[in-house]
>>> print(open('model_32.txt').read())   # compact mmCIF, C-alpha atoms
# COMPACT_ATOMS: atom_id res chain seq x y z
CA MET R 1 73.86 -63.20 -43.99
CA THR R 2 75.30 -62.84 -47.48
CA PRO R 3 73.65 -63.48 -50.87
CA ASN R 4 75.65 -66.74 -51.00
CA ASN R 5 74.39 -67.80 -47.58
CA PRO R 6 70.94 -66.19 -47.28
CA SER R 7 68.42 -66.57 -44.48
CA ILE R 8 65.06 -67.31 -46.09
CA VAL R 9 61.80 -67.38 -44.13
CA LEU R 10 58.78 -69.04 -45.76
CA ALA R 11 55.32 -68.33 -44.35
CA GLY R 12 52.10 -70.24 -44.95
CA GLY R 13 50.01 -73.06 -43.65
CA GLY R 14 46.65 -74.33 -42.53
CA THR R 15 45.92 -76.48 -45.57
CA ALA R 16 47.82 -78.75 -47.93
CA GLY R 17 47.09 -76.18 -50.65
CA HIS R 18 49.45 -73.77 -48.90
CA ILE R 19 51.95 -76.23 -47.46
CA SER R 20 52.67 -78.21 -50.64
CA PRO R 21 53.90 -75.23 -52.71
CA LEU R 22 55.83 -73.90 -49.70
CA LEU R 23 57.73 -77.18 -49.39
CA ALA R 24 58.30 -77.36 -53.16
CA ILE R 25 59.80 -73.87 -53.10
CA ALA R 26 61.96 -74.83 -50.10
CA ALA R 27 63.26 -77.90 -51.95
CA ALA R 28 64.11 -75.83 -55.05
CA LEU R 29 65.91 -73.28 -52.87
CA ARG R 30 68.01 -76.03 -51.31
CA THR R 31 69.08 -77.09 -54.79
CA ALA R 32 69.74 -73.57 -56.06
CA SER R 33 71.41 -72.31 -52.88
CA PRO R 34 72.64 -75.24 -50.75
CA ASP R 35 74.01 -72.96 -48.03
CA ALA R 36 70.75 -71.05 -47.52
CA ALA R 37 69.19 -71.18 -44.06
CA LEU R 38 65.48 -72.04 -44.36
CA LEU R 39 62.81 -71.46 -41.74
CA ALA R 40 59.08 -72.02 -42.23
CA VAL R 41 56.45 -70.19 -40.18
CA GLY R 42 52.97 -71.56 -39.57
CA THR R 43 50.36 -71.83 -36.83
CA PRO R 44 50.43 -74.23 -33.88
CA ASN R 45 47.42 -76.30 -34.96
CA GLY R 46 47.73 -76.56 -38.75
CA MET R 47 48.84 -79.45 -40.94
CA GLU R 48 52.21 -77.74 -41.19
CA THR R 49 53.14 -78.94 -37.69
CA ARG R 50 53.34 -82.46 -39.15
CA LEU R 51 54.25 -81.93 -42.80
CA VAL R 52 56.98 -79.28 -42.53
CA PRO R 53 59.25 -81.05 -40.02
CA ALA R 54 58.70 -84.31 -41.93
CA ALA R 55 60.19 -82.56 -44.99
CA GLY R 56 63.28 -81.61 -42.97
CA VAL R 57 62.44 -77.90 -42.70
CA GLU R 58 62.55 -76.12 -39.34
CA LEU R 59 59.17 -74.70 -38.26
CA ALA R 60 58.33 -71.73 -36.04
CA THR R 61 54.74 -70.82 -35.15
CA ILE R 62 52.71 -67.73 -34.41
CA ASP R 63 49.14 -67.34 -33.18
CA ARG R 64 46.38 -67.92 -35.73
CA VAL R 65 44.50 -64.67 -36.40
CA PRO R 66 41.40 -65.21 -38.57
CA PHE R 67 39.75 -62.19 -40.12
CA PRO R 68 36.00 -62.29 -39.28
CA ARG R 69 33.71 -61.64 -42.25
CA LYS R 70 30.82 -60.39 -40.09
CA PRO R 71 30.48 -58.24 -36.94
CA SER R 72 31.32 -60.37 -33.91
CA ALA R 73 33.31 -60.48 -30.69
CA ASP R 74 36.24 -61.80 -32.72
CA LEU R 75 36.12 -58.65 -34.85
CA VAL R 76 36.35 -56.48 -31.72
CA ARG R 77 39.39 -58.46 -30.56
CA LEU R 78 41.05 -58.42 -33.99
CA PRO R 79 43.30 -55.33 -33.61
CA ALA R 80 44.91 -56.58 -30.40
CA ARG R 81 45.30 -60.13 -31.70
CA LEU R 82 46.81 -58.92 -34.97
CA ALA R 83 49.22 -56.64 -33.14
CA GLY R 84 50.33 -59.58 -31.00
CA ALA R 85 50.88 -61.77 -34.06
CA ILE R 86 52.89 -59.01 -35.75
CA ARG R 87 55.14 -58.82 -32.68
CA GLN R 88 55.63 -62.60 -32.79
CA SER R 89 56.38 -62.40 -36.51
CA GLY R 90 58.92 -59.65 -36.02
CA ALA R 91 60.71 -61.61 -33.32
CA ILE R 92 60.99 -64.62 -35.64
CA LEU R 93 62.33 -62.49 -38.52
CA ASP R 94 64.83 -60.78 -36.23
CA GLU R 95 66.08 -64.02 -34.69
CA ALA R 96 66.46 -65.60 -38.13
CA GLY R 97 68.27 -62.56 -39.51
CA ALA R 98 65.89 -62.84 -42.46
CA ASP R 99 67.10 -61.63 -45.85
CA VAL R 100 63.76 -62.31 -47.54
CA LEU R 101 60.23 -63.42 -46.66
CA VAL R 102 58.35 -65.80 -48.97
CA GLY R 103 54.59 -65.99 -48.43
CA VAL R 104 52.17 -68.50 -49.93
CA GLY R 105 48.97 -67.44 -48.18
CA GLY R 106 46.97 -68.41 -45.13
CA TYR R 107 46.33 -66.80 -41.76
CA VAL R 108 50.00 -66.68 -40.84
CA CYS R 109 50.97 -64.49 -43.79
CA THR R 110 49.28 -61.17 -43.01
CA PRO R 111 51.20 -60.50 -39.76
CA MET R 112 54.39 -61.83 -41.35
CA TYR R 113 54.02 -59.47 -44.33
CA LEU R 114 53.39 -56.49 -42.07
CA ALA R 115 56.35 -57.31 -39.81
CA ALA R 116 58.65 -57.75 -42.82
CA ARG R 117 57.53 -54.47 -44.38
CA LYS R 118 58.29 -52.64 -41.11
CA ARG R 119 61.84 -54.06 -41.25
CA ARG R 120 62.24 -53.41 -45.00
CA ILE R 121 62.79 -57.10 -45.61
CA PRO R 122 62.00 -58.00 -49.24
CA ILE R 123 58.75 -59.93 -49.70
CA VAL R 124 58.06 -62.52 -52.41
CA ILE R 125 54.51 -63.83 -52.76
CA HIS R 126 53.05 -66.90 -54.44
CA GLU R 127 49.27 -67.10 -54.87
CA ALA R 128 47.95 -70.57 -55.65
CA ASN R 129 44.31 -69.81 -56.45
CA ALA R 130 42.71 -68.03 -59.38
CA ARG R 131 40.79 -65.97 -56.82
CA PRO R 132 43.41 -64.71 -54.34
CA GLY R 133 42.99 -64.92 -50.61
CA LEU R 134 42.90 -61.97 -48.23
CA ALA R 135 46.45 -62.36 -46.92
CA ASN R 136 48.00 -62.23 -50.37
CA ARG R 137 45.79 -59.33 -51.42
CA VAL R 138 47.26 -57.45 -48.44
CA GLY R 139 50.78 -58.64 -49.23
CA ALA R 140 50.56 -57.66 -52.90
CA GLY R 141 50.20 -54.07 -51.78
CA LEU R 142 53.56 -54.28 -50.01
CA THR R 143 55.79 -55.74 -52.75
CA LYS R 144 56.30 -55.86 -56.49
CA ARG R 145 57.42 -59.51 -56.39
CA VAL R 146 54.15 -61.38 -56.85
CA ALA R 147 53.88 -64.77 -58.61
CA VAL R 148 50.66 -66.63 -59.43
CA ALA R 149 49.73 -70.17 -60.39
CA PHE R 150 46.95 -69.17 -62.80
CA GLU R 151 47.17 -66.63 -65.58
CA GLY R 152 44.82 -63.69 -65.02
CA THR R 153 44.81 -63.90 -61.21
CA PRO R 154 43.84 -60.36 -60.12
CA LEU R 155 46.85 -59.28 -58.06
CA ARG R 156 48.96 -56.21 -58.72
CA ASN R 157 52.36 -56.90 -60.36
CA ALA R 158 51.44 -60.57 -60.82
CA VAL R 159 53.77 -62.77 -62.89
CA HIS R 160 52.44 -66.14 -64.08
CA VAL R 161 54.86 -68.87 -62.96
CA GLY R 162 52.57 -71.85 -62.32
CA MET R 163 52.27 -74.03 -59.22
CA PRO R 164 55.40 -75.23 -57.39
CA MET R 165 55.10 -78.99 -56.92
CA ARG R 166 57.18 -81.99 -55.94
CA THR R 167 59.59 -83.15 -58.62
CA ALA R 168 58.15 -86.67 -58.36
CA ILE R 169 55.03 -85.18 -59.92
CA SER R 170 56.47 -82.53 -62.25
CA GLY R 171 58.92 -85.07 -63.69
CA LEU R 172 56.42 -87.93 -64.01
CA ASP R 173 56.35 -89.93 -67.25
CA ARG R 174 52.89 -91.51 -67.10
CA ALA R 175 53.40 -93.95 -69.94
CA THR R 176 56.57 -95.38 -68.45
CA ALA R 177 55.21 -95.54 -64.90
CA ARG R 178 51.66 -96.78 -65.65
CA THR R 179 52.13 -100.53 -65.22
CA SER R 180 54.23 -100.34 -62.05
CA ALA R 181 51.88 -97.72 -60.56
CA ARG R 182 48.82 -99.89 -61.14
CA GLN R 183 50.55 -102.88 -59.61
CA ALA R 184 51.59 -100.81 -56.58
CA LEU R 185 47.96 -99.73 -56.11
CA GLY R 186 46.60 -103.27 -56.42
CA LEU R 187 45.06 -102.71 -59.87
CA ASP R 188 44.98 -104.73 -63.08
CA PRO R 189 47.62 -103.24 -65.41
CA GLU R 190 45.45 -103.83 -68.50
CA LYS R 191 41.97 -102.60 -67.52
CA PRO R 192 40.56 -99.10 -68.16
CA THR R 193 41.14 -97.29 -64.88
CA LEU R 194 39.19 -94.58 -63.07
CA ILE R 195 40.77 -93.05 -59.99
CA VAL R 196 38.56 -90.98 -57.69
CA THR R 197 39.80 -88.58 -55.02
CA GLY R 198 38.20 -85.81 -53.02
CA GLY R 199 41.48 -84.55 -51.59
CA SER R 200 43.00 -85.19 -48.17
CA LEU R 201 39.65 -84.58 -46.42
CA GLY R 202 37.58 -86.55 -48.92
CA ALA R 203 34.32 -85.47 -50.55
CA GLN R 204 31.14 -87.05 -49.24
CA SER R 205 28.97 -86.15 -52.24
CA ILE R 206 31.50 -87.64 -54.69
CA ASN R 207 31.84 -90.72 -52.47
CA ARG R 208 28.06 -91.30 -52.44
CA THR R 209 27.72 -91.08 -56.23
CA VAL R 210 30.71 -93.33 -56.91
CA ALA R 211 29.43 -95.91 -54.41
CA ALA R 212 26.05 -95.94 -56.16
CA ALA R 213 27.69 -96.36 -59.59
CA VAL R 214 30.21 -99.14 -58.91
CA GLY R 215 28.01 -101.72 -60.65
CA GLN R 216 27.69 -99.60 -63.79
CA LEU R 217 31.44 -99.02 -63.91
CA ALA R 218 32.29 -102.70 -63.47
CA ALA R 219 29.74 -103.70 -66.11
CA ALA R 220 31.55 -101.41 -68.56
CA GLY R 221 34.85 -103.16 -67.81
CA ILE R 222 36.24 -100.23 -65.78
CA GLN R 223 38.22 -100.73 -62.57
CA THR R 224 37.87 -98.00 -59.95
CA LEU R 225 40.31 -96.99 -57.24
CA HIS R 226 38.44 -94.81 -54.78
CA ILE R 227 40.60 -92.64 -52.50
CA THR R 228 37.95 -91.74 -49.95
CA GLY R 229 39.84 -89.41 -47.58
CA ARG R 230 40.85 -90.15 -44.00
CA GLY R 231 37.92 -91.41 -41.94
CA LYS R 232 35.60 -91.45 -44.97
CA THR R 233 35.46 -95.18 -45.73
CA VAL R 234 32.42 -95.93 -47.91
CA LEU R 235 30.09 -98.48 -46.28
CA ASP R 236 27.54 -100.84 -47.77
CA ASP R 237 23.96 -101.35 -46.53
CA ALA R 238 25.22 -103.70 -43.83
CA GLY R 239 27.61 -101.07 -42.47
CA GLN R 240 30.71 -102.81 -43.82
CA PRO R 241 33.35 -101.29 -46.14
CA LEU R 242 31.94 -101.43 -49.66
CA ASP R 243 33.39 -104.39 -51.55
CA ALA R 244 32.39 -104.84 -55.19
CA GLU R 245 33.78 -106.27 -58.38
CA GLY R 246 36.34 -103.98 -60.02
CA TYR R 247 36.23 -101.58 -57.08
CA ARG R 248 38.91 -100.89 -54.49
CA GLN R 249 38.88 -98.20 -51.84
CA VAL R 250 41.66 -96.74 -49.71
CA GLU R 251 41.61 -93.73 -47.39
CA PHE R 252 44.74 -92.18 -48.88
CA VAL R 253 47.62 -92.83 -51.26
CA ASP R 254 51.17 -92.08 -50.19
CA GLY R 255 52.34 -90.20 -53.28
CA MET R 256 49.73 -88.90 -55.73
CA GLU R 257 52.17 -89.49 -58.58
CA LEU R 258 51.12 -93.15 -58.35
CA ALA R 259 47.47 -92.21 -58.87
CA TYR R 260 48.30 -89.86 -61.75
CA ALA R 261 50.35 -92.55 -63.49
CA ALA R 262 47.75 -95.28 -63.00
CA ALA R 263 44.66 -93.32 -64.08
CA ASP R 264 43.10 -93.27 -67.51
CA VAL R 265 40.79 -90.65 -65.98
CA LEU R 266 41.12 -88.83 -62.66
CA LEU R 267 37.88 -87.70 -60.99
CA ALA R 268 38.58 -85.02 -58.40
CA ARG R 269 37.74 -81.70 -56.82
CA ALA R 270 39.27 -78.64 -58.48
CA GLY R 271 41.69 -77.43 -55.83
CA ALA R 272 44.51 -75.33 -57.23
CA ALA R 273 47.20 -77.96 -56.65
CA THR R 274 45.11 -80.72 -58.22
CA VAL R 275 44.35 -78.68 -61.35
CA CYS R 276 47.98 -77.69 -61.84
CA GLU R 277 49.32 -81.19 -61.17
CA VAL R 278 46.78 -82.72 -63.56
CA ALA R 279 48.05 -80.42 -66.31
CA ALA R 280 51.72 -80.96 -65.45
CA VAL R 281 51.43 -84.74 -65.83
CA GLY R 282 48.80 -84.70 -68.60
CA VAL R 283 46.16 -86.91 -67.01
CA PRO R 284 42.61 -86.54 -68.44
CA ALA R 285 40.37 -85.30 -65.65
CA VAL R 286 36.78 -84.82 -64.61
CA LEU R 287 36.64 -81.98 -62.10
CA VAL R 288 33.80 -81.48 -59.60
CA PRO R 289 34.33 -78.08 -57.94
CA LEU R 290 33.54 -77.73 -54.26
CA PRO R 291 30.01 -76.27 -54.13
CA ILE R 292 30.71 -73.97 -51.17
CA GLY R 293 33.06 -71.04 -50.64
CA ASN R 294 33.69 -68.21 -53.08
CA GLY R 295 33.65 -70.24 -56.29
CA GLU R 296 37.43 -70.34 -56.55
CA GLN R 297 37.56 -74.02 -57.55
CA ALA R 298 35.50 -73.45 -60.70
CA LEU R 299 37.83 -70.56 -61.57
CA ASN R 300 40.86 -72.78 -60.96
CA ALA R 301 39.52 -75.32 -63.44
CA ALA R 302 38.40 -72.86 -66.13
CA GLY R 303 41.62 -72.71 -68.16
CA LEU R 304 42.16 -76.46 -68.23
CA VAL R 305 38.54 -77.10 -69.21
CA ALA R 306 38.64 -74.43 -71.94
CA GLY R 307 41.88 -75.94 -73.24
CA GLY R 308 40.33 -79.38 -73.65
CA GLY R 309 42.24 -81.15 -70.89
CA ALA R 310 39.37 -81.69 -68.47
CA LEU R 311 35.59 -81.84 -68.11
CA LEU R 312 33.70 -79.85 -65.49
CA VAL R 313 30.56 -81.07 -63.75
CA ALA R 314 28.73 -79.24 -60.97
CA ASP R 315 28.52 -81.08 -57.67
CA ARG R 316 24.71 -81.19 -57.86
CA ASP R 317 24.89 -82.71 -61.36
CA PHE R 318 27.39 -85.44 -60.48
CA THR R 319 24.92 -88.30 -60.16
CA PRO R 320 24.88 -91.99 -61.12
CA GLY R 321 23.00 -90.90 -64.25
CA TRP R 322 25.87 -88.56 -65.20
CA VAL R 323 28.35 -91.37 -64.60
CA ALA R 324 26.42 -93.59 -67.02
CA ALA R 325 25.88 -90.94 -69.67
CA GLU R 326 29.22 -89.08 -69.57
CA LEU R 327 31.91 -90.67 -67.44
CA ILE R 328 31.77 -94.28 -68.60
CA PRO R 329 31.89 -93.36 -72.32
CA LEU R 330 34.88 -91.10 -71.58
CA VAL R 331 36.92 -93.69 -69.69
CA THR R 332 36.46 -96.22 -72.49
CA ASP R 333 37.21 -93.86 -75.41
CA LYS R 334 40.97 -94.18 -76.04
CA ALA R 335 41.09 -91.63 -78.86
CA ARG R 336 39.31 -88.96 -76.84
CA LEU R 337 41.54 -89.61 -73.85
CA ALA R 338 44.67 -89.27 -75.99
CA THR R 339 43.48 -85.86 -77.19
CA MET R 340 42.69 -84.72 -73.64
CA GLU R 341 46.07 -85.95 -72.41
CA ALA R 342 47.91 -83.97 -75.09
CA ASN R 343 45.84 -80.84 -74.41
CA SER R 344 46.44 -81.09 -70.67
CA TYR R 345 50.18 -81.67 -70.92
CA ARG R 346 50.52 -78.72 -73.31
CA LEU R 347 49.00 -76.42 -70.69
CA GLY R 348 51.07 -77.76 -67.79
CA ILE R 349 53.92 -75.85 -66.14
CA ARG R 350 56.58 -78.09 -64.65
CA ASN R 351 59.28 -75.67 -63.43
CA ALA R 352 57.38 -73.29 -61.16
CA ASP R 353 59.45 -74.35 -58.14
CA GLN R 354 62.66 -73.35 -59.93
CA ARG R 355 61.15 -70.07 -61.11
CA MET R 356 60.09 -69.23 -57.56
CA ALA R 357 63.55 -70.06 -56.23
CA GLY R 358 64.98 -67.69 -58.83
CA LEU R 359 62.64 -64.88 -57.77
CA VAL R 360 63.55 -65.39 -54.11
CA LEU R 361 67.31 -65.38 -54.67
CA GLU R 362 66.97 -62.37 -56.99
CA ALA R 363 65.22 -60.52 -54.14
CA VAL R 364 68.13 -61.36 -51.82
CA SER R 365 70.69 -60.10 -54.33
CA ALA R 366 68.77 -56.91 -54.98
>>> encode(input="model_32.txt", output="structure tokens")
Amino acid sequence: MTPNNPSIVLAGGGTAGHISPLLAIAAALRTASPDAALLAVGTPNGMETRLVPAAGVELATIDRVPFPRKPSADLVRLPARLAGAIRQSGAILDEAGADVLVGVGGYVCTPMYLAARKRRIPIVIHEANARPGLANRVGAGLTKRVAVAFEGTPLRNAVHVGMPMRTAISGLDRATARTSARQALGLDPEKPTLIVTGGSLGAQSINRTVAAAVGQLAAAGIQTLHITGRGKTVLDDAGQPLDAEGYRQVEFVDGMELAYAAADVLLARAGAATVCEVAAVGVPAVLVPLPIGNGEQALNAAGLVAGGGALLVADRDFTPGWVAAELIPLVTDKARLATMEANSYRLGIRNADQRMAGLVLEAVSA
């Protein structure tokens, strides 16, 4: 294809943290280059099989090839499985006539990067986390076009562009949307509002603490919307969905921009997308990093916390006592919240999708 009609392949998947920026980049590319042919590549069993086609982007799949961290039978089988995935990747690139490969991380990316390098197809990488994943560490050795969501992410040739996100979020005016958002979520437009979310999968430890503290929150005049995660409904002692004054729970919200607009304070995990979206819209946040893994969530949150836009509390310390001593005074302190909102918004990046589209089209032209 030509630079005016490029074939662009976007690789990534497995989690919403990979799929969301991929789709935001795809949307920006459609705006910047309406005649571009877009193809996403994921694995057969990831969330991408539902989310990518729903966004109107064609999806191809290759076999999932995890990289074992310890000696095992899977490690013995790795070379053959990787070689097979590279062959599948190459066939997809060839059939698409790919002019450029965009990778956002995840199992699918390593074989795609290696197949593209063999064909001398330009590679553009976006790394969402402050601590990069294995696939993008491999990919960064194969290209000079590397973009990151967080400043200081340790990848060679990294350029700080921020996190690509949906324009409904990056363009959100919280003050204008607050009343309608609260009404849409079944909340009182006038009451101090805490919104709690553990992400698409929920967070059991956060759910337990919030359930134990609903009385304290209501007594302070705070209404709480608790987004529990699919299949994580919070139950009372009788085994029924918890129902208390000033408390409402739902498993998910269709469009997090509603939650961001409605919240005086957002209580959440510190996934990369959440941290970047919080800053982009300027919502004061309390972040509870996931206590397992490689510590990447605490790193994701570090800049926003240091800049005064969010508070950080360790999962083990997020107790009903912490809610009473720290969270309730925060939600009811309008002056402090206004300062946090300004600090957060100042740190936010709202055009990362456009910057990524520019890097991709520049790679095609080059």
>>> atom_distance(input="model_32.txt", atom1="atom CA of R:Ile86", atom2="atom CA of R:Pro111")
4.6 Å
>>> atom_distance(input="model_32.txt", atom1="atom CA of R:Met356", atom2="atom CA of R:Leu155")
16.6 Å
>>> closest_residue(input="model_32.txt", among="R:Arg166, R:Arg174, R:His160, R:Arg208", to="R:Thr319", atoms="only C-alpha atoms")
R:Arg208
>>> residues_around(input="model_32.txt", residues="stretch 93-100 of chain R", least_positions_apart="5", cutoff="12 Å", atoms="all atoms listed in the file", output="MDAnalysis selection string")
chainID R and resid 1:11 36:41 58:62 86:88 111:125 143 145 357 359:366
>>> closest_residue(input="model_32.txt", among="R:Val161, R:Leu235, R:Ile328, R:Ala261", to="R:Gly215", atoms="all atoms listed in the file")
R:Ile328
>>> residues_near_point(input="model_32.txt", point="(40.7, -89.7, -49.2)", cutoff="12 Å", atoms="only C-alpha atoms", output="number ranges by chain")
R: 195-204, 206-207, 225-234, 249-254, 256, 268-269
>>> closest_atom_pairs(input="model_32.txt", of="stretch 65-152 of chain R", to="stretch 299-317 of chain R", cutoff="9 Å", atoms="only C-alpha atoms", output="CSV")
residue,atom,partner,partner_atom,distance
R:Asn129,CA,R:Asn300,CA,6.4
R:Ala130,CA,R:Asn300,CA,5.3
R:Arg131,CA,R:Leu299,CA,7.2
R:Phe150,CA,R:Asn300,CA,7.3
R:Glu151,CA,R:Gly303,CA,8.6
>>> atom_distance(input="model_32.txt", atom1="atom CA of R:Arg30", atom2="atom CA of R:Arg64")
27.9 Å
>>> closest_residue(input="model_32.txt", among="R:Ser344, R:Ser180, R:Thr110, R:Ser33", to="R:Gly282", atoms="only C-alpha atoms")
R:Ser344
>>> residues_around(input="model_32.txt", residues="R:Ala352", least_positions_apart="5", cutoff="8 Å", atoms="only C-alpha atoms", output="short mmCIF file (atom, residue, chain, number, x, y, z; two decimals) with C-alpha atoms, in the coordinates of the input")
data_model
loop_
_atom_site.label_atom_id
_atom_site.label_comp_id
_atom_site.auth_asym_id
_atom_site.auth_seq_id
_atom_site.Cartn_x
_atom_site.Cartn_y
_atom_site.Cartn_z
CA VAL R 161 54.86 -68.87 -62.96
CA GLY R 162 52.57 -71.85 -62.32
CA MET R 163 52.27 -74.03 -59.22
CA PRO R 164 55.40 -75.23 -57.39
CA MET R 165 55.10 -78.99 -56.92
#
>>> decode(input="model_32.txt", residues="stretch 163-176 of chain R", atoms="N, CA and C atoms", output="compact mmCIF listing (two decimals), in the first residue's frame")
# COMPACT_ATOMS: atom_id res chain seq x y z
N MET R 163 -0.84 8.01 27.92
CA MET R 163 -1.66 6.82 27.67
C MET R 163 -2.77 7.13 26.67
N PRO R 164 -2.79 6.46 25.53
CA PRO R 164 -3.93 6.62 24.61
C PRO R 164 -5.22 6.18 25.29
N MET R 165 -6.25 7.00 25.18
CA MET R 165 -7.53 6.68 25.83
C MET R 165 -8.68 7.18 24.97
N ARG R 166 -9.86 6.71 25.28
CA ARG R 166 -11.05 7.12 24.52
C ARG R 166 -11.27 8.62 24.67
N THR R 167 -11.73 9.24 23.60
CA THR R 167 -11.94 10.69 23.64
C THR R 167 -13.07 11.07 24.58
N ALA R 168 -13.98 10.14 24.89
CA ALA R 168 -15.03 10.44 25.87
C ALA R 168 -14.43 10.69 27.24
N ILE R 169 -13.26 10.12 27.49
CA ILE R 169 -12.56 10.36 28.75
C ILE R 169 -11.61 11.54 28.62
N SER R 170 -10.76 11.54 27.59
CA SER R 170 -9.76 12.61 27.48
C SER R 170 -10.40 13.98 27.30
N GLY R 171 -11.61 14.02 26.75
CA GLY R 171 -12.28 15.29 26.54
C GLY R 171 -13.33 15.62 27.60
N LEU R 172 -13.34 14.87 28.70
CA LEU R 172 -14.37 15.05 29.72
C LEU R 172 -14.21 16.36 30.48
N ASP R 173 -15.31 17.09 30.62
CA ASP R 173 -15.39 18.26 31.49
C ASP R 173 -16.19 17.84 32.72
N ARG R 174 -15.51 17.54 33.82
CA ARG R 174 -16.18 16.99 34.99
C ARG R 174 -17.24 17.93 35.56
N ALA R 175 -16.91 19.20 35.62
CA ALA R 175 -17.85 20.15 36.24
C ALA R 175 -19.16 20.21 35.46
N THR R 176 -19.06 20.23 34.15
CA THR R 176 -20.26 20.30 33.32
C THR R 176 -21.07 19.01 33.37
